[in-house]
Amino acid sequence: QVQLVESGGGLVQAGGSLRLSCAASGGTFSAYVMGWFRQTPGQAREFVAAITWSGGRTYYADSVKGRFTISRDNALNTVYLQMNSLKAEDTAVYYCAANANKYNSDTYYYPNRYAYWGQGTQVTVSS
């Protein structure tokens with residue numbers, strides 16, 4: 001059983017930056033692909049980014065490519081999402097999640113393929 005706790009959300013002006021962190025406990029962190037998703041009220045949870053167990057490969061939604069960077073530190077059991085050039089449309093609750101399907105990159109984009117989730121952290125970008 002993996003527990004995930006996000007932090008780092010908040011209110012920021014458009015064009016600004018935030019760094020989200022997600023601390024994992026209770027499992028073998030390096031066994032999981034880690035992902036970030038986001039959700040706004042009334043909308044489905046949306047893929048943002050994912051990173052393989054070693055950190056060697058990263059995947060991004062087109063809407064954040066070039067602005068967001070996902071990284072991980074397996075020694076600290078933590079995954080990060082650096083968000084730059086934030087836009088009002090990035091406003092959402094951001095969730096980190098763990099996916100045990102290490103070798104099937106097709107699963108990285110779908111929230112129902114992730115077994116463990118954090119509680120979410122609110123990011124609000126004012127225009």
# chains A, B, ... in the order shown; residues from 1 in each chain; ligands from 1

call {"tool": "residues_around", "arguments": {"residues": "stretch 99-116 of chain A", "least_positions_apart": "2", "cutoff": "9 Å", "atoms": "only C-alpha atoms", "output": "list in words"}}
result
Gln1, Val2, Gln3, Leu4, Ala31, Tyr32, Val33, Met34, Gly35, Phe37, Arg45, Glu46, Phe47, Val48, Ala49, Ala50, Ile51, Thr52, Trp53, Tyr59, Tyr60, Ala61, Cys96, Ala97 and Gly118 of chain A

call {"tool": "select_by_dssp", "arguments": {"residues": "stretch 32-127 of chain A", "states": "strand (DSSP E)", "output": "PyMOL selection string"}}
result
chain A and resi 33-39+46-51+58-60+68-73+78-83+92-99+116-117+121-126

call {"tool": "closest_residue", "arguments": {"among": "A:Gln119, A:Ser25, A:Ser63, A:Thr58", "to": "A:Tyr94", "atoms": "only C-alpha atoms"}}
result
A:Gln119

call {"tool": "closest_residue", "arguments": {"among": "A:Arg38, A:Trp117, A:Phe68, A:Asp62", "to": "A:Leu18", "atoms": "only C-alpha atoms"}}
result
A:Phe68
